>>> print(open('model22.csv').read())   # CSV, C-alpha atoms
chain,number,residue,atom,x,y,z
A,1,MET,CA,0.0,0.0,0.0
A,2,PRO,CA,1.4,3.5,-0.8
A,3,LYS,CA,2.2,5.4,2.3
A,4,ARG,CA,2.7,8.9,1.0
A,5,PRO,CA,-1.1,9.8,0.8
A,6,ILE,CA,-1.6,8.6,4.4
A,7,LEU,CA,1.4,10.6,5.5
A,8,CYS,CA,0.1,13.8,3.7
A,9,LEU,CA,-3.3,13.3,5.4
A,10,LEU,CA,-1.6,13.0,8.8
A,11,LEU,CA,0.4,16.1,8.2
A,12,VAL,CA,-2.7,18.1,7.1
A,13,ALA,CA,-4.6,16.8,10.2
A,14,ALA,CA,-1.7,17.7,12.5
A,15,SER,CA,-1.4,21.2,10.9
A,16,ALA,CA,-5.2,21.8,11.3
A,17,ALA,CA,-5.1,20.6,14.9
A,18,ALA,CA,-2.1,23.0,15.6
A,19,GLY,CA,-4.1,25.8,14.0
A,20,ASP,CA,-7.2,25.1,16.1
A,21,SER,CA,-5.0,25.0,19.2
A,22,THR,CA,-3.5,28.3,18.4
A,23,ALA,CA,-6.8,29.9,17.6
A,24,ALA,CA,-8.2,28.6,20.9
A,25,ARG,CA,-5.3,30.1,22.9
A,26,LEU,CA,-5.7,33.4,21.2
A,27,ASP,CA,-9.4,33.4,21.6
A,28,ALA,CA,-8.9,32.7,25.3
A,29,ILE,CA,-6.9,35.9,25.6
A,30,PHE,CA,-9.3,38.2,24.0
A,31,SER,CA,-12.9,36.8,24.4
A,32,PRO,CA,-13.1,37.6,28.1
A,33,LEU,CA,-12.2,41.3,27.5
A,34,ALA,CA,-15.3,42.4,25.5
A,35,GLY,CA,-18.9,41.3,25.6
A,36,ALA,CA,-21.7,41.5,23.2
A,37,ARG,CA,-22.8,44.9,24.7
A,38,SER,CA,-19.5,46.6,25.1
A,39,PRO,CA,-16.9,48.4,22.9
A,40,GLY,CA,-14.2,45.9,22.1
A,41,ILE,CA,-11.2,44.7,20.1
A,42,ALA,CA,-10.2,43.6,16.6
A,43,VAL,CA,-7.2,41.1,16.4
A,44,LEU,CA,-5.2,40.0,13.4
A,45,VAL,CA,-2.4,37.4,13.6
A,46,ARG,CA,-0.4,36.6,10.4
A,47,GLN,CA,2.5,34.2,9.8
A,48,ASN,CA,4.7,34.7,6.7
A,49,GLY,CA,2.0,36.5,4.8
A,50,ARG,CA,-0.9,34.2,5.8
A,51,THR,CA,-3.7,35.2,8.1
A,52,VAL,CA,-4.0,32.6,10.9
A,53,PHE,CA,-6.3,34.5,13.2
A,54,GLU,CA,-8.7,37.4,12.5
A,55,ARG,CA,-11.5,38.2,14.9
A,56,GLY,CA,-13.6,41.0,16.3
A,57,TYR,CA,-15.0,41.2,19.8
A,58,GLY,CA,-17.6,43.6,21.0
A,59,LEU,CA,-19.3,46.6,19.3
A,60,ARG,CA,-18.0,49.4,17.2
A,61,ASP,CA,-20.4,51.8,18.9
A,62,LEU,CA,-23.0,51.6,21.6
A,63,ARG,CA,-25.7,53.5,19.6
A,64,THR,CA,-26.1,51.2,16.6
A,65,ARG,CA,-24.7,48.1,18.4
A,66,ALA,CA,-23.0,47.2,15.2
A,67,PRO,CA,-20.4,44.4,15.9
A,68,ILE,CA,-16.7,44.8,15.3
A,69,ASP,CA,-15.4,42.8,12.3
A,70,ALA,CA,-12.4,42.7,10.0
A,71,ARG,CA,-13.7,45.8,8.1
A,72,THR,CA,-14.3,48.0,11.1
A,73,ASP,CA,-12.2,51.2,10.9
A,74,PHE,CA,-10.4,52.3,14.1
A,75,ARG,CA,-8.5,55.5,14.6
A,76,LEU,CA,-4.9,54.3,14.6
A,77,ALA,CA,-3.5,57.2,16.6
A,78,SER,CA,0.3,57.1,16.6
A,79,PHE,CA,0.2,53.8,14.6
A,80,THR,CA,-0.3,56.4,11.8
A,81,LYS,CA,3.4,57.4,12.0
A,82,GLN,CA,4.5,54.5,9.9
A,83,PHE,CA,2.3,55.8,7.0
A,84,THR,CA,3.6,59.4,7.5
A,85,ALA,CA,7.2,58.0,7.4
A,86,MET,CA,6.4,56.0,4.3
A,87,ALA,CA,4.9,59.0,2.5
A,88,THR,CA,8.1,61.0,3.3
A,89,MET,CA,10.3,58.2,2.1
A,90,LEU,CA,8.4,58.0,-1.2
A,91,LEU,CA,9.2,61.7,-1.8
A,92,VAL,CA,12.8,60.9,-1.2
A,93,HIS,CA,12.5,58.0,-3.7
A,94,ASP,CA,11.0,60.5,-6.2
A,95,GLY,CA,14.0,62.8,-5.8
A,96,LYS,CA,11.8,65.6,-4.5
A,97,LEU,CA,13.2,65.5,-0.9
A,98,ARG,CA,16.3,64.5,0.9
A,99,TYR,CA,16.7,63.2,4.4
A,100,GLU,CA,19.2,66.0,5.0
A,101,THR,CA,16.8,68.7,3.8
A,102,ALA,CA,16.5,71.4,6.4
A,103,LEU,CA,13.1,72.4,7.8
A,104,THR,CA,13.7,76.0,6.7
A,105,ASP,CA,14.3,74.8,3.1
A,106,VAL,CA,10.7,73.7,3.1
A,107,PHE,CA,9.2,76.4,5.2
A,108,PRO,CA,11.4,79.5,4.8
A,109,ALA,CA,9.5,81.5,7.4
A,110,PHE,CA,10.3,79.0,10.1
A,111,PRO,CA,12.5,80.6,12.8
A,112,ALA,CA,16.3,80.2,12.9
A,113,TYR,CA,16.2,77.2,15.2
A,114,GLY,CA,14.7,75.2,12.3
A,115,ARG,CA,17.8,75.6,10.2
A,116,ALA,CA,19.6,72.7,11.9
A,117,ILE,CA,16.5,70.5,11.9
A,118,THR,CA,16.4,68.0,9.0
A,119,ILE,CA,13.8,65.6,7.7
A,120,ARG,CA,15.8,62.8,9.2
A,121,HIS,CA,15.6,64.4,12.7
A,122,LEU,CA,11.8,64.7,12.3
A,123,LEU,CA,11.5,61.1,11.3
A,124,THR,CA,13.6,59.8,14.2
A,125,HIS,CA,12.3,62.1,17.0
A,126,THR,CA,15.7,63.8,17.4
A,127,SER,CA,14.6,67.2,16.2
A,128,GLY,CA,14.0,68.8,19.6
A,129,LEU,CA,10.9,70.5,18.4
A,130,PRO,CA,8.7,71.7,21.3
A,131,ASP,CA,5.6,69.6,22.0
A,132,TYR,CA,2.7,71.4,20.4
A,133,GLU,CA,0.4,70.1,23.2
A,134,ASP,CA,2.5,72.1,25.7
A,135,LEU,CA,2.0,75.2,23.6
A,136,MET,CA,-1.7,75.0,23.2
A,137,GLY,CA,-3.5,77.7,25.2
A,138,PRO,CA,-7.2,77.7,26.3
A,139,GLY,CA,-9.9,77.5,23.7
A,140,TRP,CA,-9.0,74.3,21.9
A,141,THR,CA,-11.8,71.7,22.5
A,142,PRO,CA,-13.3,68.6,20.9
A,143,THR,CA,-15.5,70.9,18.9
A,144,HIS,CA,-12.8,73.5,18.2
A,145,GLN,CA,-9.8,71.3,17.4
A,146,ILE,CA,-6.3,72.3,16.6
A,147,GLN,CA,-5.3,71.8,13.0
A,148,ASP,CA,-1.9,71.1,11.4
A,149,ALA,CA,-1.5,74.7,10.2
A,150,ASP,CA,-2.2,75.8,13.8
A,151,VAL,CA,0.6,73.5,15.0
A,152,LEU,CA,3.0,75.0,12.6
A,153,ASP,CA,2.0,78.5,13.7
A,154,LEU,CA,2.6,77.6,17.4
A,155,LEU,CA,6.1,76.2,16.5
A,156,GLU,CA,6.9,79.2,14.5
A,157,ARG,CA,6.3,81.4,17.5
A,158,GLU,CA,9.0,79.7,19.5
A,159,SER,CA,12.6,80.8,19.4
A,160,HIS,CA,14.3,77.5,20.2
A,161,GLY,CA,13.8,73.8,20.6
A,162,LYS,CA,14.0,71.5,23.6
A,163,PHE,CA,17.5,70.5,22.6
A,164,ALA,CA,20.0,70.8,19.7
A,165,PRO,CA,18.9,68.6,16.9
A,166,GLY,CA,20.6,65.2,17.0
A,167,THR,CA,21.9,65.5,20.5
A,168,SER,CA,19.0,63.8,22.3
A,169,TRP,CA,15.8,61.9,21.7
A,170,ALA,CA,12.2,62.7,22.7
A,171,TYR,CA,9.0,61.3,21.2
A,172,SER,CA,7.6,64.1,19.1
A,173,ASN,CA,4.0,64.4,17.8
A,174,SER,CA,5.1,67.9,16.6
A,175,GLY,CA,7.7,66.3,14.3
A,176,TYR,CA,5.2,64.0,12.6
A,177,VAL,CA,2.5,66.8,12.2
A,178,VAL,CA,5.3,68.8,10.5
A,179,LEU,CA,6.2,65.8,8.3
A,180,GLY,CA,2.6,65.6,7.1
A,181,LEU,CA,2.8,69.3,6.2
A,182,VAL,CA,6.2,68.7,4.5
A,183,VAL,CA,4.6,66.0,2.3
A,184,ALA,CA,1.7,68.3,1.4
A,185,LYS,CA,4.0,71.2,0.5
A,186,VAL,CA,6.6,69.2,-1.5
A,187,SER,CA,4.1,67.0,-3.3
A,188,GLY,CA,1.6,69.8,-4.0
A,189,GLN,CA,-1.2,67.6,-2.8
A,190,PRO,CA,-3.2,67.6,0.4
A,191,PHE,CA,-1.6,65.1,2.7
A,192,GLU,CA,-4.7,62.8,2.8
A,193,ARG,CA,-4.7,62.7,-1.0
A,194,PHE,CA,-1.0,61.8,-1.2
A,195,LEU,CA,-1.6,59.0,1.2
A,196,HIS,CA,-4.5,57.7,-0.8
A,197,ASP,CA,-2.8,58.0,-4.2
A,198,ARG,CA,0.6,56.6,-3.3
A,199,ILE,CA,-0.1,54.1,-0.5
A,200,PHE,CA,-3.7,53.2,0.2
A,201,ALA,CA,-4.9,52.9,-3.4
A,202,PRO,CA,-1.9,51.0,-4.8
A,203,LEU,CA,-2.1,48.5,-2.0
A,204,HIS,CA,-5.9,48.2,-2.4
A,205,MET,CA,-6.4,49.4,1.2
A,206,ARG,CA,-9.9,50.6,0.1
A,207,ARG,CA,-11.3,51.4,3.5
A,208,THR,CA,-8.2,53.2,5.0
A,209,LEU,CA,-8.0,56.9,5.0
A,210,MET,CA,-6.7,60.0,6.7
A,211,TYR,CA,-9.8,61.4,8.2
A,212,VAL,CA,-10.5,65.0,7.6
A,213,ASN,CA,-13.8,66.2,9.0
A,214,GLY,CA,-16.0,67.7,6.3
A,215,VAL,CA,-13.8,66.2,3.5
A,216,ASN,CA,-14.4,62.5,3.9
A,217,THR,CA,-16.2,60.0,6.1
A,218,VAL,CA,-15.0,56.8,7.8
A,219,PRO,CA,-16.7,53.6,6.6
A,220,ASP,CA,-17.9,51.2,9.4
A,221,ARG,CA,-16.4,53.6,11.9
A,222,ALA,CA,-15.6,52.5,15.4
A,223,TYR,CA,-16.2,55.1,18.0
A,224,GLY,CA,-13.8,55.5,20.9
A,225,HIS,CA,-14.8,55.0,24.6
A,226,ASN,CA,-13.3,55.8,28.0
A,227,ARG,CA,-14.2,54.3,31.3
A,228,GLN,CA,-15.8,56.8,33.6
A,229,ARG,CA,-17.2,55.9,37.0
A,230,GLY,CA,-17.1,52.3,36.1
A,231,GLU,CA,-18.9,52.7,32.8
A,232,LEU,CA,-17.7,52.8,29.2
A,233,VAL,CA,-18.9,56.0,27.6
A,234,GLU,CA,-18.3,57.4,24.2
A,235,ALA,CA,-15.3,59.7,24.1
A,236,ASP,CA,-14.3,59.8,20.5
A,237,GLN,CA,-12.7,63.2,19.9
A,238,SER,CA,-10.3,65.5,21.8
A,239,ALA,CA,-8.9,68.9,21.1
A,240,THR,CA,-6.0,67.3,19.2
A,241,SER,CA,-7.9,64.7,17.3
A,242,ALA,CA,-7.8,66.6,14.0
A,243,THR,CA,-4.1,66.7,13.5
A,244,GLN,CA,-3.0,64.4,10.7
A,245,GLY,CA,0.7,63.2,10.4
A,246,ASP,CA,0.9,62.2,14.1
A,247,GLY,CA,-2.3,60.1,14.3
A,248,GLY,CA,-5.1,60.8,11.9
A,249,VAL,CA,-5.4,57.5,9.9
A,250,TYR,CA,-8.3,55.1,10.3
A,251,SER,CA,-7.9,51.5,9.2
A,252,ASN,CA,-9.1,48.0,9.7
A,253,LEU,CA,-7.8,44.4,9.9
A,254,GLU,CA,-8.5,43.6,6.3
A,255,ASP,CA,-6.5,46.5,5.0
A,256,LEU,CA,-3.7,46.2,7.5
A,257,ALA,CA,-3.2,42.6,6.3
A,258,ARG,CA,-2.5,44.2,2.9
A,259,TRP,CA,-0.1,46.7,4.5
A,260,ASP,CA,1.7,43.8,6.2
A,261,ASP,CA,2.0,42.1,2.8
A,262,ALA,CA,3.4,45.3,1.2
A,263,LEU,CA,6.1,45.5,3.9
A,264,ARG,CA,7.0,41.9,3.6
A,265,THR,CA,7.4,42.0,-0.1
A,266,ASN,CA,8.8,45.6,-0.4
A,267,ARG,CA,5.9,46.6,-2.6
A,268,LEU,CA,6.4,50.3,-2.2
A,269,LEU,CA,10.1,50.7,-1.7
A,270,LYS,CA,13.0,48.4,-2.4
A,271,ARG,CA,14.7,46.6,0.5
A,272,GLU,CA,17.7,48.9,0.4
A,273,GLU,CA,15.4,51.9,0.5
A,274,MET,CA,13.7,50.5,3.6
A,275,ARG,CA,16.9,49.9,5.4
A,276,ALA,CA,17.1,53.5,6.8
A,277,ALA,CA,13.6,53.1,8.2
A,278,LEU,CA,14.6,49.9,10.0
A,279,THR,CA,17.9,51.2,11.4
A,280,GLY,CA,17.9,52.6,14.9
A,281,VAL,CA,19.0,56.2,15.1
A,282,LYS,CA,22.2,57.2,16.8
A,283,LEU,CA,22.9,60.6,18.3
A,284,LEU,CA,25.5,62.9,17.0
A,285,ASP,CA,28.1,61.6,19.5
A,286,GLY,CA,27.5,58.0,18.2
A,287,SER,CA,25.6,56.9,21.3
A,288,ALA,CA,22.3,55.1,21.4
A,289,PRO,CA,19.3,57.3,22.6
A,290,HIS,CA,17.3,56.9,25.7
A,291,TRP,CA,13.8,58.0,26.6
A,292,PRO,CA,13.8,61.3,28.6
A,293,ALA,CA,14.5,60.8,32.3
A,294,GLU,CA,11.5,62.8,33.4
A,295,PRO,CA,8.2,60.8,33.3
A,296,GLY,CA,5.0,62.2,31.8
A,297,GLY,CA,3.1,62.7,28.5
A,298,ASP,CA,4.2,60.3,25.8
A,299,ASN,CA,7.2,59.1,27.7
A,300,LEU,CA,6.6,55.3,27.8
A,301,ALA,CA,9.8,54.2,29.5
A,302,PRO,CA,11.6,57.1,31.4
A,303,GLY,CA,15.3,56.8,31.2
A,304,LYS,CA,15.4,53.5,29.3
A,305,PRO,CA,17.2,52.9,26.0
A,306,VAL,CA,15.1,53.2,22.9
A,307,SER,CA,15.6,52.2,19.3
A,308,TYR,CA,13.7,54.1,16.6
A,309,GLY,CA,13.9,54.2,12.9
A,310,PHE,CA,11.5,56.0,10.6
A,311,GLY,CA,8.0,55.6,12.0
A,312,TRP,CA,8.9,52.3,13.8
A,313,PHE,CA,10.2,51.3,17.2
A,314,LEU,CA,12.9,48.7,16.8
A,315,ASP,CA,13.3,47.4,20.3
A,316,PRO,CA,13.5,43.5,20.5
A,317,TYR,CA,11.2,41.4,22.6
A,318,GLU,CA,12.4,38.4,24.5
A,319,GLY,CA,15.5,38.3,22.2
A,320,ARG,CA,13.3,38.5,19.0
A,321,ALA,CA,14.0,41.3,16.6
A,322,ARG,CA,10.8,43.3,15.8
A,323,MET,CA,9.5,46.5,14.3
A,324,TRP,CA,6.5,47.9,16.2
A,325,HIS,CA,4.4,50.8,17.1
A,326,SER,CA,1.5,51.6,19.4
A,327,GLY,CA,-1.2,54.3,19.3
A,328,SER,CA,-3.0,56.0,22.2
A,329,THR,CA,-5.6,58.7,22.0
A,330,THR,CA,-9.0,59.6,23.4
A,331,GLY,CA,-11.1,56.4,23.1
A,332,PHE,CA,-8.6,54.2,21.3
A,333,ARG,CA,-5.6,52.0,21.9
A,334,THR,CA,-3.8,50.3,19.0
A,335,ALA,CA,-0.6,48.3,18.3
A,336,ILE,CA,1.3,46.5,15.6
A,337,ASP,CA,4.2,44.1,16.1
A,338,ARG,CA,6.1,42.6,13.2
A,339,PHE,CA,8.8,40.0,14.2
A,340,ASP,CA,11.7,38.8,12.0
A,341,ASP,CA,10.3,35.3,12.0
A,342,GLY,CA,7.4,36.4,9.9
A,343,LEU,CA,4.9,36.8,12.7
A,344,THR,CA,2.7,40.0,12.6
A,345,ILE,CA,0.1,40.9,15.3
A,346,VAL,CA,-2.3,43.8,15.1
A,347,VAL,CA,-4.6,44.8,18.0
A,348,LEU,CA,-7.1,47.6,17.7
A,349,CYS,CA,-9.3,48.7,20.6
A,350,ASN,CA,-12.0,51.3,20.7
A,351,ARG,CA,-11.8,51.6,24.5
A,352,THR,CA,-9.0,52.9,26.7
A,353,ASP,CA,-9.2,50.5,29.5
A,354,LEU,CA,-7.3,47.9,27.5
A,355,ASP,CA,-3.6,47.8,26.8
A,356,ALA,CA,-3.2,47.0,23.1
A,357,THR,CA,0.6,46.8,23.4
A,358,ALA,CA,0.6,44.3,26.2
A,359,LEU,CA,-2.2,42.3,24.5
A,360,ALA,CA,-0.2,42.1,21.2
A,361,LEU,CA,2.8,40.7,23.1
A,362,LYS,CA,0.6,38.3,25.0
A,363,ALA,CA,-0.7,37.0,21.6
A,364,ALA,CA,2.9,36.7,20.4
A,365,ASP,CA,3.6,34.5,23.4
A,366,ALA,CA,0.6,32.4,22.6
A,367,ARG,CA,1.9,31.5,19.2
>>> encode(input="model22.csv", output="structure tokens")
Amino acid sequence: MPKRPILCLLLVAASAAAGDSTAARLDAIFSPLAGARSPGIAVLVRQNGRTVFERGYGLRDLRTRAPIDARTDFRLASFTKQFTAMATMLLVHDGKLRYETALTDVFPAFPAYGRAITIRHLLTHTSGLPDYEDLMGPGWTPTHQIQDADVLDLLERESHGKFAPGTSWAYSNSGYVVLGLVVAKVSGQPFERFLHDRIFAPLHMRRTLMYVNGVNTVPDRAYGHNRQRGELVEADQSATSATQGDGGVYSNLEDLARWDDALRTNRLLKREEMRAALTGVKLLDGSAPHWPAEPGGDNLAPGKPVSYGFGWFLDPYEGRARMWHSGSTTGFRTAIDRFDDGLTIVVLCNRTDLDATALALKAADAR
């Protein structure tokens, strides 16, 4: 009797059993966290370009009670920065921009302290730009939101940065808002249109967009929620929710699987062009950067070493190389982790009482 067909069947059965076991472990992590009447989570796990787990838990909003699924669009918050970085890199690829281009070359009216700030500094959080959130005075609200042009105006009123460019590292939403403005100025297109034409449309990310109120609408939109007095209540917008380059993209599991494929296959940029994005920045003295010593704000790990490229953290996890980013804003927590063994995990939450970053790593451990 031929043995190969029997062996093949046994291998297929063993593979299916392993897949079922992995799905059960992953489901055990997420299913207790969101019920049929609560905001929830969308989870994507891929291995070498193949989706092995994709599931939604809970509701995208409490008014319609529509369930979360693979097409539900979440505000990505700082997860957006990888798209802003890619847009910038595409302009470098086009020959319209250089990483050593000075900020004042793009915006000649910017004060003198911008002469030493380069595009590379903005991409790697080594620019020293002041935090625009610290410069905002009273009057900005969820219904009167600060816009990108307002951020630039605030920065142009300052006479100096937090530190000399390249001498230190501090996570900078200001830098990525400015990068979005740079892309718009250099390309001659609104930032949201450039993202659509050069990234989202070519990759068939049909339901992903940079949300601009009054210009476009978010399909199957998840609304954000915060926990207040023990209850989850809608809290979808803040005074800073309208800025773009630092956090304005909405996306979903279905499209982010396509994004993962594009990164895996170098669809938008060649491997050598991506190398700069995936190389941790060094300071001018050749040393590795650290998070600022003082806690607060977006400082995730005060005083600890940090590795950051262009729109990606590059810190390893349990000895495993990875590129990752998280997002945190009113009503939302998000995370993406891509490991060098081909594992990708995306966790999107439309509630702030869940830690998307920790959950993504818990899912990685379950694999």
>>> atom_distance(input="model22.csv", atom1="CA of Ile41 (chain A)", atom2="CA of Gly56 (chain A)")
5.8 Å
>>> atom_distance(input="model22.csv", atom1="CA of Ser187 (chain A)", atom2="CA of Gln244 (chain A)")
15.9 Å
>>> closest_residue(input="model22.csv", among="A:Ala242, A:Val92, A:Ile119, A:Ala28", to="Pro165 (chain A)", atoms="only C-alpha atoms")
A:Ile119
>>> closest_atom_pairs(input="model22.csv", of="region 86-108 of chain A", to="region 188-201 of chain A", cutoff="9 Å", atoms="only C-alpha atoms", output="tab-separated table")
residue	atom	partner	partner_atom	distance
A:Met86	CA	A:Ile199	CA	8.3
A:Ala87	CA	A:Leu195	CA	6.6
A:Leu90	CA	A:Arg198	CA	8.2
>>> residues_near_point(input="model22.csv", point="(-5.8, 56.5, 25.3)", cutoff="10 Å", atoms="all atoms listed in the file", output="number ranges by chain")
A: 77, 224-226, 327-334, 349-355
>>> closest_residue(input="model22.csv", among="A:Asp220, A:Asp260, A:Asp61, A:Asp153", to="Phe110 (chain A)", atoms="only C-alpha atoms")
A:Asp153
>>> atom_distance(input="model22.csv", atom1="CA of Pro130 (chain A)", atom2="CA of Val178 (chain A)")
11.7 Å
>>> build_atoms(input="model22.csv", residues="region 337-346 of chain A", atoms="all heavy atoms", output="JSON list (two decimals), in the coordinates of the input")
[["chain", "number", "residue", "atom", "x", "y", "z"],
["A", 337, "ASP", "N", 2.87, 44.71, 15.89],
["A", 337, "ASP", "CA", 4.20, 44.10, 16.10],
["A", 337, "ASP", "C", 4.51, 43.20, 14.96],
["A", 337, "ASP", "O", 3.73, 42.30, 14.64],
["A", 337, "ASP", "CB", 4.18, 43.30, 17.43],
["A", 337, "ASP", "CG", 4.19, 44.16, 18.67],
["A", 337, "ASP", "OD1", 3.16, 44.79, 18.97],
["A", 337, "ASP", "OD2", 5.23, 44.22, 19.33],
["A", 338, "ARG", "N", 5.67, 43.42, 14.34],
["A", 338, "ARG", "CA", 6.10, 42.60, 13.20],
["A", 338, "ARG", "C", 7.49, 41.98, 13.63],
["A", 338, "ARG", "O", 8.47, 42.72, 13.80],
["A", 338, "ARG", "CB", 6.24, 43.37, 11.93],
["A", 338, "ARG", "CG", 4.94, 44.05, 11.51],
["A", 338, "ARG", "CD", 5.06, 44.73, 10.14],
["A", 338, "ARG", "NE", 5.09, 43.74, 9.05],
["A", 338, "ARG", "CZ", 6.13, 43.48, 8.31],
["A", 338, "ARG", "NH1", 7.29, 44.11, 8.51],
["A", 338, "ARG", "NH2", 6.07, 42.56, 7.35],
["A", 339, "PHE", "N", 7.55, 40.67, 13.77],
["A", 339, "PHE", "CA", 8.80, 40.00, 14.20],
["A", 339, "PHE", "C", 9.53, 39.47, 12.99],
["A", 339, "PHE", "O", 8.96, 39.20, 11.92],
["A", 339, "PHE", "CB", 8.40, 38.82, 15.13],
["A", 339, "PHE", "CG", 7.79, 39.26, 16.43],
["A", 339, "PHE", "CD1", 6.43, 39.47, 16.56],
["A", 339, "PHE", "CD2", 8.59, 39.46, 17.55],
["A", 339, "PHE", "CE1", 5.87, 39.88, 17.75],
["A", 339, "PHE", "CE2", 8.05, 39.86, 18.75],
["A", 339, "PHE", "CZ", 6.68, 40.07, 18.86],
["A", 340, "ASP", "N", 10.85, 39.27, 13.18],
["A", 340, "ASP", "CA", 11.70, 38.80, 12.00],
["A", 340, "ASP", "C", 11.45, 37.40, 11.65],
["A", 340, "ASP", "O", 11.96, 36.96, 10.62],
["A", 340, "ASP", "CB", 13.16, 39.10, 12.34],
["A", 340, "ASP", "CG", 13.71, 38.25, 13.47],
["A", 340, "ASP", "OD1", 12.90, 37.63, 14.20],
["A", 340, "ASP", "OD2", 14.94, 38.22, 13.65],
["A", 341, "ASP", "N", 10.67, 36.65, 12.43],
["A", 341, "ASP", "CA", 10.30, 35.30, 12.00],
["A", 341, "ASP", "C", 9.06, 35.20, 11.21],
["A", 341, "ASP", "O", 8.54, 34.12, 10.95],
["A", 341, "ASP", "CB", 10.23, 34.37, 13.26],
["A", 341, "ASP", "CG", 9.10, 34.78, 14.20],
["A", 341, "ASP", "OD1", 8.39, 35.77, 13.92],
["A", 341, "ASP", "OD2", 8.93, 34.11, 15.25],
["A", 342, "GLY", "N", 8.55, 36.38, 10.76],
["A", 342, "GLY", "CA", 7.40, 36.40, 9.90],
["A", 342, "GLY", "C", 6.05, 36.56, 10.63],
["A", 342, "GLY", "O", 5.00, 36.60, 9.99],
["A", 343, "LEU", "N", 6.09, 36.67, 11.96],
["A", 343, "LEU", "CA", 4.90, 36.80, 12.70],
["A", 343, "LEU", "C", 4.48, 38.31, 12.81],
["A", 343, "LEU", "O", 5.32, 39.17, 13.10],
["A", 343, "LEU", "CB", 5.08, 36.30, 14.16],
["A", 343, "LEU", "CG", 3.91, 36.50, 15.15],
["A", 343, "LEU", "CD1", 2.69, 35.70, 14.72],
["A", 343, "LEU", "CD2", 4.35, 36.11, 16.56],
["A", 344, "THR", "N", 3.22, 38.61, 12.51],
["A", 344, "THR", "CA", 2.70, 40.00, 12.60],
["A", 344, "THR", "C", 1.41, 39.91, 13.48],
["A", 344, "THR", "O", 0.56, 39.04, 13.27],
["A", 344, "THR", "CB", 2.32, 40.56, 11.26],
["A", 344, "THR", "OG1", 3.52, 40.70, 10.50],
["A", 344, "THR", "CG2", 1.66, 41.93, 11.41],
["A", 345, "ILE", "N", 1.29, 40.85, 14.41],
["A", 345, "ILE", "CA", 0.10, 40.90, 15.30],
["A", 345, "ILE", "C", -0.39, 42.36, 15.28],
["A", 345, "ILE", "O", 0.39, 43.31, 15.46],
["A", 345, "ILE", "CB", 0.42, 40.47, 16.70],
["A", 345, "ILE", "CG1", 0.82, 38.99, 16.69],
["A", 345, "ILE", "CG2", -0.79, 40.68, 17.61],
["A", 345, "ILE", "CD1", 1.34, 38.48, 18.00],
["A", 346, "VAL", "N", -1.68, 42.53, 15.05],
["A", 346, "VAL", "CA", -2.30, 43.80, 15.10],
["A", 346, "VAL", "C", -3.46, 43.73, 16.13],
["A", 346, "VAL", "O", -4.27, 42.79, 16.09],
["A", 346, "VAL", "CB", -2.91, 44.25, 13.75],
["A", 346, "VAL", "CG1", -3.71, 45.54, 13.87],
["A", 346, "VAL", "CG2", -1.79, 44.40, 12.71]]
